[in-house]
$ cat coords20.cif   # mmCIF, C-alpha atoms (C1' of nucleotides)
data_upload
#
loop_
_atom_site.label_atom_id
_atom_site.label_comp_id
_atom_site.auth_asym_id
_atom_site.auth_seq_id
_atom_site.Cartn_x
_atom_site.Cartn_y
_atom_site.Cartn_z
CA MET S 1 0.00 0.00 0.00
CA ASN S 2 1.47 3.40 -0.92
CA ILE S 3 1.78 6.36 1.40
CA LYS S 4 -1.25 8.19 0.06
CA GLU S 5 -3.64 5.32 0.77
CA VAL S 6 -2.21 4.75 4.22
CA SER S 7 -2.40 8.42 4.99
CA GLU S 8 -6.06 8.54 4.01
CA ARG S 9 -7.08 5.31 5.70
CA LEU S 10 -5.45 6.22 8.99
CA ALA S 11 -6.12 9.95 8.78
CA ILE S 12 -2.47 10.77 9.35
CA PRO S 13 -0.68 13.29 7.07
CA LYS S 14 1.87 11.74 4.72
CA GLU S 15 4.50 14.06 6.10
CA THR S 16 3.83 12.80 9.61
CA LEU S 17 4.09 9.18 8.51
CA ARG S 18 7.51 9.90 7.02
CA TYR S 19 8.54 11.83 10.12
CA TRP S 20 7.47 9.00 12.41
CA GLU S 21 9.42 6.53 10.34
CA ASN S 22 12.54 8.72 10.36
CA THR S 23 12.46 9.13 14.12
CA GLY S 24 11.97 5.42 14.78
CA LEU S 25 8.32 5.45 15.85
CA ILE S 26 7.46 3.14 12.95
CA PRO S 27 9.68 0.40 11.51
CA THR S 28 11.41 1.19 8.24
CA VAL S 29 8.83 0.75 5.50
CA PRO S 30 9.91 -1.47 2.55
CA ARG S 31 10.37 0.35 -0.79
CA ASN S 32 9.29 -0.85 -4.21
CA SER S 33 11.47 -0.91 -7.32
CA SER S 34 11.26 2.86 -7.75
CA GLY S 35 12.09 3.62 -4.14
CA TYR S 36 8.50 4.39 -3.11
CA ARG S 37 7.21 3.27 0.27
CA ASP S 38 5.10 0.09 0.13
CA TYR S 39 3.45 -0.33 3.52
CA THR S 40 2.70 -3.77 4.95
CA GLU S 41 0.23 -4.60 7.71
CA ASN S 42 3.07 -4.41 10.22
CA GLU S 43 3.86 -0.74 9.69
CA ILE S 44 0.19 0.14 9.48
CA LYS S 45 -0.44 -1.45 12.84
CA TRP S 46 2.40 0.46 14.39
CA ALA S 47 1.15 3.70 12.91
CA LEU S 48 -2.27 3.05 14.43
CA PHE S 49 -0.75 2.32 17.80
CA ILE S 50 1.44 5.42 17.71
CA LYS S 51 -1.53 7.53 16.70
CA ALA S 52 -3.54 6.28 19.67
CA MET S 53 -0.73 6.83 22.13
CA ARG S 54 0.07 10.31 20.82
CA LYS S 55 -3.57 11.26 21.12
CA ALA S 56 -3.49 10.05 24.70
CA GLY S 57 -0.64 12.46 25.39
CA MET S 58 2.42 10.19 25.26
CA SER S 59 5.52 12.07 24.12
CA VAL S 60 7.28 11.12 20.92
CA GLU S 61 10.48 10.65 22.89
CA SER S 62 9.09 8.06 25.29
CA LEU S 63 7.37 6.25 22.43
CA ILE S 64 10.65 6.03 20.53
CA GLU S 65 12.17 4.42 23.59
CA PHE S 66 9.29 2.01 23.91
CA VAL S 67 9.37 0.98 20.26
CA ALA S 68 13.13 0.47 20.32
CA LEU S 69 12.98 -1.65 23.45
CA PHE S 70 10.04 -3.60 22.10
CA HIS S 71 12.00 -4.49 19.00
CA THR S 72 15.12 -5.56 20.85
CA ARG S 73 12.88 -7.96 22.77
CA LYS S 74 11.64 -9.61 19.59
CA ASN S 75 12.06 -13.08 21.12
CA ASP S 76 10.91 -12.28 24.63
CA ARG S 77 7.14 -12.06 24.65
CA VAL S 78 7.12 -11.77 28.43
CA ALA S 79 9.32 -8.68 28.32
CA GLN S 80 7.25 -7.24 25.51
CA LYS S 81 4.06 -7.70 27.46
CA ALA S 82 5.65 -6.02 30.46
CA LEU S 83 6.54 -3.03 28.29
CA LEU S 84 3.01 -2.84 27.02
CA GLN S 85 1.71 -3.06 30.57
CA GLU S 86 3.92 -0.11 31.45
CA GLN S 87 2.33 2.01 28.75
CA TYR S 88 -1.08 0.92 29.94
CA ASP S 89 -0.30 1.92 33.52
CA ALA S 90 0.87 5.32 32.33
CA LEU S 91 -2.49 5.81 30.64
CA LEU S 92 -4.32 4.86 33.83
CA GLN S 93 -2.21 7.34 35.76
CA GLN S 94 -3.14 10.02 33.27
CA ARG S 95 -6.79 9.23 33.60
CA ASN S 96 -6.49 9.53 37.36
CA GLU S 97 -5.09 13.04 37.00
CA LEU S 98 -7.78 13.95 34.53
CA ASP S 99 -10.48 12.62 36.84
CA LYS S 100 -9.16 14.77 39.67
CA THR S 101 -9.49 17.88 37.55
CA ILE S 102 -12.94 16.82 36.36
CA SER S 103 -14.10 16.39 39.95
CA TYR S 104 -12.58 19.75 40.83
CA LEU S 105 -14.41 21.58 38.07
CA GLY S 106 -17.57 19.57 38.65
CA TYR S 107 -17.58 20.65 42.26
CA LYS S 108 -17.10 24.30 41.35
CA LEU S 109 -19.94 23.99 38.89
CA ASP S 110 -22.33 22.40 41.39
CA ASN S 111 -21.68 25.13 43.89
CA PHE S 112 -21.38 28.01 41.49
CA GLU S 113 -24.48 29.94 42.57
CA THR S 114 -23.64 29.87 46.26
CA HIS S 115 -20.05 31.00 45.76
CA THR S 116 -18.87 34.57 45.68
CA ILE S 117 -16.49 35.88 43.05
CA PRO S 118 -13.74 34.88 42.69
CA PHE S 119 -14.98 31.40 42.14
CA LEU S 120 -11.87 29.34 42.62
CA ALA S 121 -10.37 29.07 46.06
CA GLU S 122 -7.57 26.82 47.16
CA GLU S 123 -9.74 25.73 50.06
CA ASP S 124 -12.42 24.63 47.64
CA TYR S 125 -10.01 22.18 46.16
CA TYR S 126 -9.34 20.52 49.50
CA GLU S 127 -13.03 20.71 50.41
CA MET S 128 -13.87 18.85 47.21
CA ARG S 129 -11.28 16.19 47.88
CA LYS S 130 -12.58 15.62 51.39
CA GLU S 131 -16.09 15.18 50.00
CA LYS S 132 -15.36 12.71 47.24
CA MET S 133 -12.02 11.44 48.60
CA LEU S 134 -10.45 10.32 45.32
CA LYS S 135 -12.83 7.47 44.56
CA GLN S 136 -9.83 5.59 43.11
CA GLU S 137 -11.65 3.11 40.87
CA PRO S 138 -9.09 0.52 39.70
CA ALA S 139 -9.87 1.35 36.07
CA GLU S 140 -11.39 -1.72 34.39
CA LYS S 141 -9.50 -3.37 31.57
CA MET W 1 2.60 37.30 48.88
CA ASN W 2 5.68 37.67 46.66
CA ILE W 3 6.40 35.66 43.54
CA LYS W 4 8.87 33.31 45.19
CA GLU W 5 6.40 32.15 47.82
CA VAL W 6 3.62 31.70 45.30
CA SER W 7 5.93 29.81 42.97
CA GLU W 8 6.91 27.42 45.74
CA ARG W 9 3.42 26.95 47.17
CA LEU W 10 1.86 26.21 43.79
CA ALA W 11 4.89 24.43 42.31
CA ILE W 12 4.88 26.72 39.27
CA PRO W 13 8.15 28.34 38.09
CA LYS W 14 8.33 32.09 38.71
CA GLU W 15 9.02 32.59 35.00
CA THR W 16 5.84 30.74 34.10
CA LEU W 17 3.79 32.83 36.54
CA ARG W 18 5.06 36.00 34.86
CA TYR W 19 4.45 34.51 31.43
CA TRP W 20 0.90 33.55 32.31
CA GLU W 21 0.25 37.03 33.61
CA ASN W 22 1.68 38.65 30.47
CA THR W 23 -0.44 36.52 28.18
CA GLY W 24 -3.65 37.14 30.12
CA LEU W 25 -4.08 33.76 31.78
CA ILE W 26 -3.90 35.40 35.18
CA PRO W 27 -5.19 38.85 36.12
CA THR W 28 -2.57 41.58 36.47
CA VAL W 29 -0.98 41.13 39.86
CA PRO W 30 -0.82 44.26 42.03
CA ARG W 31 2.68 45.68 42.65
CA ASN W 32 4.09 47.03 45.90
CA SER W 33 5.90 50.36 46.31
CA SER W 34 9.05 49.01 44.62
CA GLY W 35 7.20 47.50 41.69
CA TYR W 36 7.38 43.93 42.96
CA ARG W 37 4.42 41.60 42.45
CA ASP W 38 2.25 41.19 45.56
CA TYR W 39 -0.16 38.33 44.92
CA THR W 40 -3.64 38.28 46.42
CA GLU W 41 -5.91 35.26 46.83
CA ASN W 42 -7.57 36.12 43.54
CA GLU W 43 -4.49 35.67 41.37
CA ILE W 44 -3.45 32.59 43.31
CA LYS W 45 -6.82 30.96 42.65
CA TRP W 46 -6.56 31.70 38.96
CA ALA W 47 -3.05 30.30 38.84
CA LEU W 48 -4.30 27.10 40.46
CA PHE W 49 -7.14 26.84 38.00
CA ILE W 50 -4.87 27.45 35.01
CA LYS W 51 -2.41 24.88 36.30
CA ALA W 52 -5.15 22.27 36.54
CA MET W 53 -6.52 23.00 33.09
CA ARG W 54 -3.09 23.03 31.46
CA LYS W 55 -2.33 19.69 33.05
CA ALA W 56 -5.57 18.37 31.63
CA GLY W 57 -4.37 19.37 28.17
CA MET W 58 -6.22 22.65 27.57
CA SER W 59 -4.25 24.96 25.27
CA VAL W 60 -3.03 28.31 26.50
CA GLU W 61 -4.86 29.97 23.63
CA SER W 62 -8.29 28.61 24.54
CA LEU W 63 -7.69 29.39 28.19
CA ILE W 64 -6.83 32.99 27.34
CA GLU W 65 -10.15 33.22 25.53
CA PHE W 66 -11.99 31.68 28.44
CA VAL W 67 -10.40 33.98 31.00
CA ALA W 68 -11.07 37.07 28.91
CA LEU W 69 -14.71 36.15 28.33
CA PHE W 70 -15.13 35.24 31.97
CA HIS W 71 -13.94 38.68 33.02
CA THR W 72 -16.13 40.56 30.57
CA ARG W 73 -19.07 38.71 32.14
CA LYS W 74 -18.23 39.93 35.62
CA ASN W 75 -21.88 40.77 36.28
CA ASP W 76 -23.43 37.82 34.52
CA ARG W 77 -23.09 34.78 36.72
CA VAL W 78 -25.25 32.73 34.38
CA ALA W 79 -22.95 33.38 31.44
CA GLN W 80 -19.95 32.66 33.61
CA LYS W 81 -21.38 29.36 34.69
CA ALA W 82 -22.08 28.43 31.09
CA LEU W 83 -18.44 29.15 30.21
CA LEU W 84 -17.31 26.97 33.06
CA GLN W 85 -19.67 24.24 31.92
CA GLU W 86 -18.07 24.41 28.49
CA GLN W 87 -14.63 23.78 29.94
CA TYR W 88 -16.06 20.92 31.95
CA ASP W 89 -17.60 19.32 28.87
CA ALA W 90 -14.30 19.58 27.05
CA LEU W 91 -12.66 17.67 29.88
CA LEU W 92 -15.31 14.96 29.67
CA GLN W 93 -14.73 14.67 25.96
CA GLN W 94 -11.05 14.22 26.60
CA ARG W 95 -11.69 11.51 29.11
CA ASN W 96 -13.83 9.70 26.58
CA GLU W 97 -10.96 9.66 24.12
CA LEU W 98 -8.56 8.53 26.78
CA ASP W 99 -10.92 5.74 27.82
CA LYS W 100 -11.07 4.48 24.26
CA THR W 101 -7.32 4.18 24.10
CA ILE W 102 -7.21 2.54 27.51
CA SER W 103 -9.73 -0.06 26.38
CA TYR W 104 -7.75 -0.58 23.20
CA LEU W 105 -4.50 -1.23 25.02
CA GLY W 106 -6.25 -3.25 27.72
CA TYR W 107 -7.68 -5.53 25.09
CA LYS W 108 -4.28 -6.02 23.46
CA LEU W 109 -2.83 -6.80 26.84
CA ASP W 110 -5.49 -9.36 27.71
CA ASN W 111 -4.97 -11.20 24.45
CA PHE W 112 -1.23 -10.76 24.20
CA GLU W 113 -0.22 -14.42 24.60
CA THR W 114 -2.64 -15.71 21.98
CA HIS W 115 -1.63 -13.11 19.40
CA THR W 116 1.15 -13.51 16.90
CA ILE W 117 3.69 -10.81 16.27
CA PRO W 118 2.97 -8.15 15.26
CA PHE W 119 0.66 -7.51 18.14
CA LEU W 120 -1.44 -4.62 16.90
CA ALA W 121 -3.88 -5.19 14.09
CA GLU W 122 -6.45 -2.79 12.76
CA GLU W 123 -9.03 -5.55 13.04
CA ASP W 124 -8.25 -5.93 16.70
CA TYR W 125 -9.32 -2.37 17.23
CA TYR W 126 -12.72 -2.97 15.69
CA GLU W 127 -13.00 -6.33 17.45
CA MET W 128 -12.39 -4.62 20.75
CA ARG W 129 -14.97 -1.96 20.05
CA LYS W 130 -17.58 -4.55 19.16
CA GLU W 131 -16.90 -6.36 22.42
CA LYS W 132 -17.10 -3.42 24.79
CA MET W 133 -19.09 -1.09 22.51
CA LEU W 134 -17.94 2.23 23.94
CA LYS W 135 -19.51 1.86 27.37
CA GLN W 136 -20.21 5.61 27.26
CA GLU W 137 -20.60 6.26 30.99
CA PRO W 138 -21.90 9.81 31.44
CA ALA W 139 -18.91 10.68 33.65
CA GLU W 140 -20.16 11.46 37.17
CA LYS W 141 -19.69 14.96 38.55
"C1'" DT D 1 28.48 50.24 52.54
"C1'" DT D 2 28.89 46.86 49.85
"C1'" DA D 3 27.91 42.18 48.51
"C1'" DA D 4 24.24 38.68 48.10
"C1'" DA D 5 19.89 37.63 47.02
"C1'" DC D 6 16.03 38.97 45.67
"C1'" DA D 7 12.93 41.60 42.12
"C1'" DT D 8 11.71 44.07 37.41
"C1'" DT D 9 11.12 44.28 31.92
"C1'" DC D 10 11.87 42.97 27.32
"C1'" DA D 11 14.04 40.48 23.79
"C1'" DA D 12 15.99 36.50 22.34
"C1'" DG D 13 16.63 31.53 22.72
"C1'" DT D 14 14.99 26.60 23.36
"C1'" DT D 15 12.29 22.38 22.83
"C1'" DC D 16 8.88 19.63 20.83
"C1'" DA D 17 6.43 17.85 17.07
"C1'" DC D 18 5.66 18.52 13.17
"C1'" DT D 19 5.39 21.11 8.36
"C1'" DT D 20 7.13 23.20 4.28
"C1'" DG D 21 10.32 23.95 0.58
"C1'" DA D 22 13.76 22.72 -2.81
"C1'" DA D 23 15.51 19.69 -6.08
"C1'" DG D 24 14.75 15.92 -8.35
"C1'" DG D 25 12.93 11.01 -10.02
"C1'" DC D 26 8.95 8.00 -11.62
"C1'" DA D 27 4.27 6.98 -13.87
"C1'" DA D 28 -0.20 7.48 -15.87
"C1'" DA D 29 -2.78 10.47 -19.13
"C1'" DC D 30 -3.34 13.27 -23.04
"C1'" DG N 1 6.75 12.95 -25.59
"C1'" DT N 2 5.56 16.14 -22.43
"C1'" DT N 3 2.57 17.67 -18.85
"C1'" DT N 4 0.49 16.42 -14.44
"C1'" DG N 5 0.72 14.37 -10.24
"C1'" DC N 6 2.68 11.39 -7.43
"C1'" DC N 7 6.88 9.95 -4.97
"C1'" DT N 8 11.83 10.59 -2.84
"C1'" DT N 9 15.42 12.98 0.57
"C1'" DC N 10 17.20 16.52 3.30
"C1'" DA N 11 17.30 20.98 5.20
"C1'" DA N 12 15.00 24.70 6.81
"C1'" DG N 13 10.83 26.81 8.76
"C1'" DT N 14 6.77 27.08 12.05
"C1'" DG N 15 3.87 27.48 16.25
"C1'" DA N 16 3.14 26.60 20.97
"C1'" DA N 17 4.67 27.21 25.50
"C1'" DC N 18 7.75 28.27 27.88
"C1'" DT N 19 12.90 29.57 29.38
"C1'" DT N 20 17.00 32.24 29.51
"C1'" DG N 21 19.79 36.37 29.21
"C1'" DA N 22 20.83 41.19 29.76
"C1'" DA N 23 20.43 45.30 31.99
"C1'" DT N 24 18.90 47.26 36.01
"C1'" DG N 25 16.61 48.25 40.64
"C1'" DT N 26 15.72 46.98 45.80
"C1'" DT N 27 16.08 44.79 50.27
"C1'" DT N 28 18.74 42.20 53.81
"C1'" DA N 29 22.90 40.66 56.18
"C1'" DA N 30 27.81 41.25 57.36
#
$ encode --input "coords20.cif" --output "structure tokens"
Amino acid sequence: MNIKEVSERLAIPKETLRYWENTGLIPTVPRNSSGYRDYTENEIKWALFIKAMRKAGMSVESLIEFVALFHTRKNDRVAQKALLQEQYDALLQQRNELDKTISYLGYKLDNFETHTIPFLAEEDYYEMRKEKMLKQEPAEK
Amino acid sequence: MNIKEVSERLAIPKETLRYWENTGLIPTVPRNSSGYRDYTENEIKWALFIKAMRKAGMSVESLIEFVALFHTRKNDRVAQKALLQEQYDALLQQRNELDKTISYLGYKLDNFETHTIPFLAEEDYYEMRKEKMLKQEPAEK
DNA sequence: TTAAACATTCAAGTTCACTTGAAGGCAAAC
DNA sequence: GTTTGCCTTCAAGTGAACTTGAATGTTTAA
């Protein structure tokens, strides 16, 4: 599959696909007789994965590290799974942070009428946390 | 309170506090007789709020807009609340996206042993979505 | 009273993650 | 057979969000 098709199917700019390949986020894509990229399922899968992780806020740098390590562990499925688990845990951590902010804003919203300007007090933040005490749901898989 | 204390209490670099003030993320901080910043509760609250929203992924640009609009609505609590609600909804939307990726990776992790390399297939993504069909929880406040 | 440790502004520099431009080769269409 | 549109590499440019540097002023401690 050439770069245009891949770009359209995955909704990733061609330029970004090339950039990701150059920086090691995606394995080197095989070229056809005229030197054009000819994507296989493998590279497409990686592109999809990278897209998802980037959208979730993972930095390019840490993804490069992950991909490199993952490839050096080609014959160690256990190690690979551990690496994947690490990424997963990082996402859960991020959701925890996000949930805290959501609760914070939700609290301010619920009590908006009864509050005086200015609407955001440091005390409110602690007050909110006392009330809902970080209902740390273990984040279903 | 001077900039050093605020910086330490909120864990925000002094330079960033000045930058946020210059770009309109934080109201202009009053100065003492020698021109030094003397923070009041108001600016500290805003800094806390901005910190939380930045951490949640809100862009500086959209926060500048929000802050400006919020201030022009000083006497319209209803409009202010609506603005706040907008920010809240954006956070919920972000959590939805994050949850999708978490489910995606969680699925890959659960089925890791039974999968052949490479581990991420486009089909898997759809398969996963069929299975758990976007359990669109309305995100409790 | 002078050095250290703060503060100020404003401009310039840095980092990240792309994005664009230049120069050129290949391929299908007229 | 040449124009049109796609592809290639590599270097340079961009935008966002800070971060650092330079020049200068003020407060505190020795």
$ atom_distance --input "coords20.cif" --atom1 "atom CA of W:Trp46" --atom2 "atom CA of W:Pro13"
15.1 Å
$ closest_atom_pairs --input "coords20.cif" --of "chain N" --to "chain S" --cutoff "12 Å" --atoms "all atoms listed in the file" --output "Markdown table"
| residue | atom | partner | partner_atom | distance |
| --- | --- | --- | --- | --- |
| N:DC6 | C1' | S:Lys4 | CA | 9.0 |
| N:DC7 | C1' | S:Tyr36 | CA | 6.1 |
| N:DT8 | C1' | S:Tyr36 | CA | 7.0 |
| N:DT9 | C1' | S:Arg18 | CA | 10.7 |
| N:DC10 | C1' | S:Asn22 | CA | 11.5 |
$ residues_around --input "coords20.cif" --residues "stretch 11-26 of chain D" --least-positions-apart "6" --cutoff "12 Å" --atoms "all atoms listed in the file" --output "PyMOL selection string"
(chain S and resi 12-20+23+32-36+54+58-61) or (chain N and resi 5-23)
$ closest_atom_pairs --input "coords20.cif" --of "chain W" --to "chain S" --cutoff "8 Å" --atoms "only C-alpha atoms" --output "CSV"
residue,atom,partner,partner_atom,distance
W:Glu41,CA,S:Ala121,CA,7.7
W:Asn42,CA,S:Pro118,CA,6.4
W:Lys45,CA,S:Ala121,CA,5.3
W:Trp46,CA,S:Leu120,CA,6.9
W:Leu48,CA,S:Glu122,CA,7.5
W:Phe49,CA,S:Leu120,CA,7.1
W:Ala52,CA,S:Thr101,CA,6.3
W:Met53,CA,S:Thr101,CA,7.4
W:Ala56,CA,S:Leu98,CA,5.7
W:Arg77,CA,S:Glu113,CA,7.7
W:Lys81,CA,S:Phe112,CA,6.9
W:Leu84,CA,S:Leu109,CA,7.1
W:Gln85,CA,S:Leu109,CA,7.0
W:Tyr88,CA,S:Leu105,CA,6.4
W:Leu91,CA,S:Ile102,CA,6.5
W:Leu92,CA,S:Ile102,CA,7.3
W:Arg95,CA,S:Arg95,CA,7.0
W:Glu97,CA,S:Ala56,CA,7.5
W:Leu98,CA,S:Ala56,CA,5.7
W:Asp99,CA,S:Arg95,CA,7.9
W:Thr101,CA,S:Ala52,CA,6.2
W:Ile102,CA,S:Leu91,CA,6.5
W:Ser103,CA,S:Lys141,CA,6.2
W:Leu105,CA,S:Tyr88,CA,6.4
W:Gly106,CA,S:Lys141,CA,5.0
W:Tyr107,CA,S:Lys141,CA,7.1
W:Leu109,CA,S:Gln85,CA,7.0
W:Phe112,CA,S:Lys81,CA,6.9
W:Glu113,CA,S:Arg77,CA,7.7
W:Pro118,CA,S:Asn42,CA,6.3
W:Leu120,CA,S:Lys45,CA,5.2
W:Ala121,CA,S:Lys45,CA,5.2
W:Glu122,CA,S:Lys45,CA,6.2
W:Lys141,CA,S:Gly106,CA,5.1
$ atom_distance --input "coords20.cif" --atom1 "atom CA of W:Leu25" --atom2 "atom CA of W:Ile64"
5.3 Å
$ resolve_selection --input "coords20.cif" --expression "the PyMOL selection byres ((chain D) within 12 of (chain W))" --output "list of chain:residue names"
D:DA5, D:DC6, D:DA7, D:DT8, D:DT9, D:DC10
$ resolve_selection --input "coords20.cif" --expression "the PyMOL selection byres ((chain N and resi 28-30) around 12)" --output "PyMOL selection string"
(chain D and resi 1-6) or (chain N and resi 26-27)
$ write_last_selection --input "coords20.cif" --atoms "C-alpha atoms (C1' of nucleotides)" --output "tab-separated table (two decimals), in the frame of the given file"
chain	number	residue	atom	x	y	z
D	1	DT	C1'	28.48	50.24	52.54
D	2	DT	C1'	28.89	46.86	49.85
D	3	DA	C1'	27.91	42.18	48.51
D	4	DA	C1'	24.24	38.68	48.10
D	5	DA	C1'	19.89	37.63	47.02
D	6	DC	C1'	16.03	38.97	45.67
N	26	DT	C1'	15.72	46.98	45.80
N	27	DT	C1'	16.08	44.79	50.27
$ atom_distance --input "coords20.cif" --atom1 "atom CA of S:Glu86" --atom2 "atom CA of S:Phe66"
9.5 Å
$ residues_around --input "coords20.cif" --residues "D:DC30" --least-positions-apart "6" --cutoff "10 Å" --atoms "all atoms listed in the file" --output "VMD selection string"
chain N and resid 2 to 4
$ decode --input "coords20.cif" --residues "stretch 45-101 of chain W" --atoms "C-alpha atoms" --output "tab-separated table (two decimals), in the first residue's frame"
chain	number	residue	atom	x	y	z
W	45	LYS	CA	-6.82	30.96	42.65
W	46	TRP	CA	-6.56	31.70	38.96
W	47	ALA	CA	-3.05	30.30	38.84
W	48	LEU	CA	-4.30	27.10	40.46
W	49	PHE	CA	-7.14	26.84	38.00
W	50	ILE	CA	-4.87	27.45	35.01
W	51	LYS	CA	-2.41	24.88	36.30
W	52	ALA	CA	-5.15	22.27	36.54
W	53	MET	CA	-6.52	23.00	33.09
W	54	ARG	CA	-3.09	23.03	31.46
W	55	LYS	CA	-2.33	19.69	33.05
W	56	ALA	CA	-5.57	18.37	31.63
W	57	GLY	CA	-4.37	19.37	28.17
W	58	MET	CA	-6.22	22.65	27.57
W	59	SER	CA	-4.25	24.96	25.27
W	60	VAL	CA	-3.03	28.31	26.50
W	61	GLU	CA	-4.86	29.97	23.63
W	62	SER	CA	-8.29	28.61	24.54
W	63	LEU	CA	-7.69	29.39	28.19
W	64	ILE	CA	-6.83	32.99	27.34
W	65	GLU	CA	-10.15	33.22	25.53
W	66	PHE	CA	-11.99	31.68	28.44
W	67	VAL	CA	-10.40	33.98	31.00
W	68	ALA	CA	-11.07	37.07	28.91
W	69	LEU	CA	-14.71	36.15	28.33
W	70	PHE	CA	-15.13	35.24	31.97
W	71	HIS	CA	-13.94	38.68	33.02
W	72	THR	CA	-16.13	40.56	30.57
W	73	ARG	CA	-19.07	38.71	32.14
W	74	LYS	CA	-18.23	39.93	35.62
W	75	ASN	CA	-21.88	40.77	36.28
W	76	ASP	CA	-23.43	37.82	34.52
W	77	ARG	CA	-23.09	34.78	36.72
W	78	VAL	CA	-25.25	32.73	34.38
W	79	ALA	CA	-22.95	33.38	31.44
W	80	GLN	CA	-19.95	32.66	33.61
W	81	LYS	CA	-21.38	29.36	34.69
W	82	ALA	CA	-22.08	28.43	31.09
W	83	LEU	CA	-18.44	29.15	30.21
W	84	LEU	CA	-17.31	26.97	33.06
W	85	GLN	CA	-19.67	24.24	31.92
W	86	GLU	CA	-18.07	24.41	28.49
W	87	GLN	CA	-14.63	23.78	29.94
W	88	TYR	CA	-16.06	20.92	31.95
W	89	ASP	CA	-17.60	19.32	28.87
W	90	ALA	CA	-14.30	19.58	27.05
W	91	LEU	CA	-12.66	17.67	29.88
W	92	LEU	CA	-15.31	14.96	29.67
W	93	GLN	CA	-14.73	14.67	25.96
W	94	GLN	CA	-11.05	14.22	26.60
W	95	ARG	CA	-11.69	11.51	29.11
W	96	ASN	CA	-13.83	9.70	26.58
W	97	GLU	CA	-10.96	9.66	24.12
W	98	LEU	CA	-8.56	8.53	26.78
W	99	ASP	CA	-10.92	5.74	27.82
W	100	LYS	CA	-11.07	4.48	24.26
W	101	THR	CA	-7.32	4.18	24.10
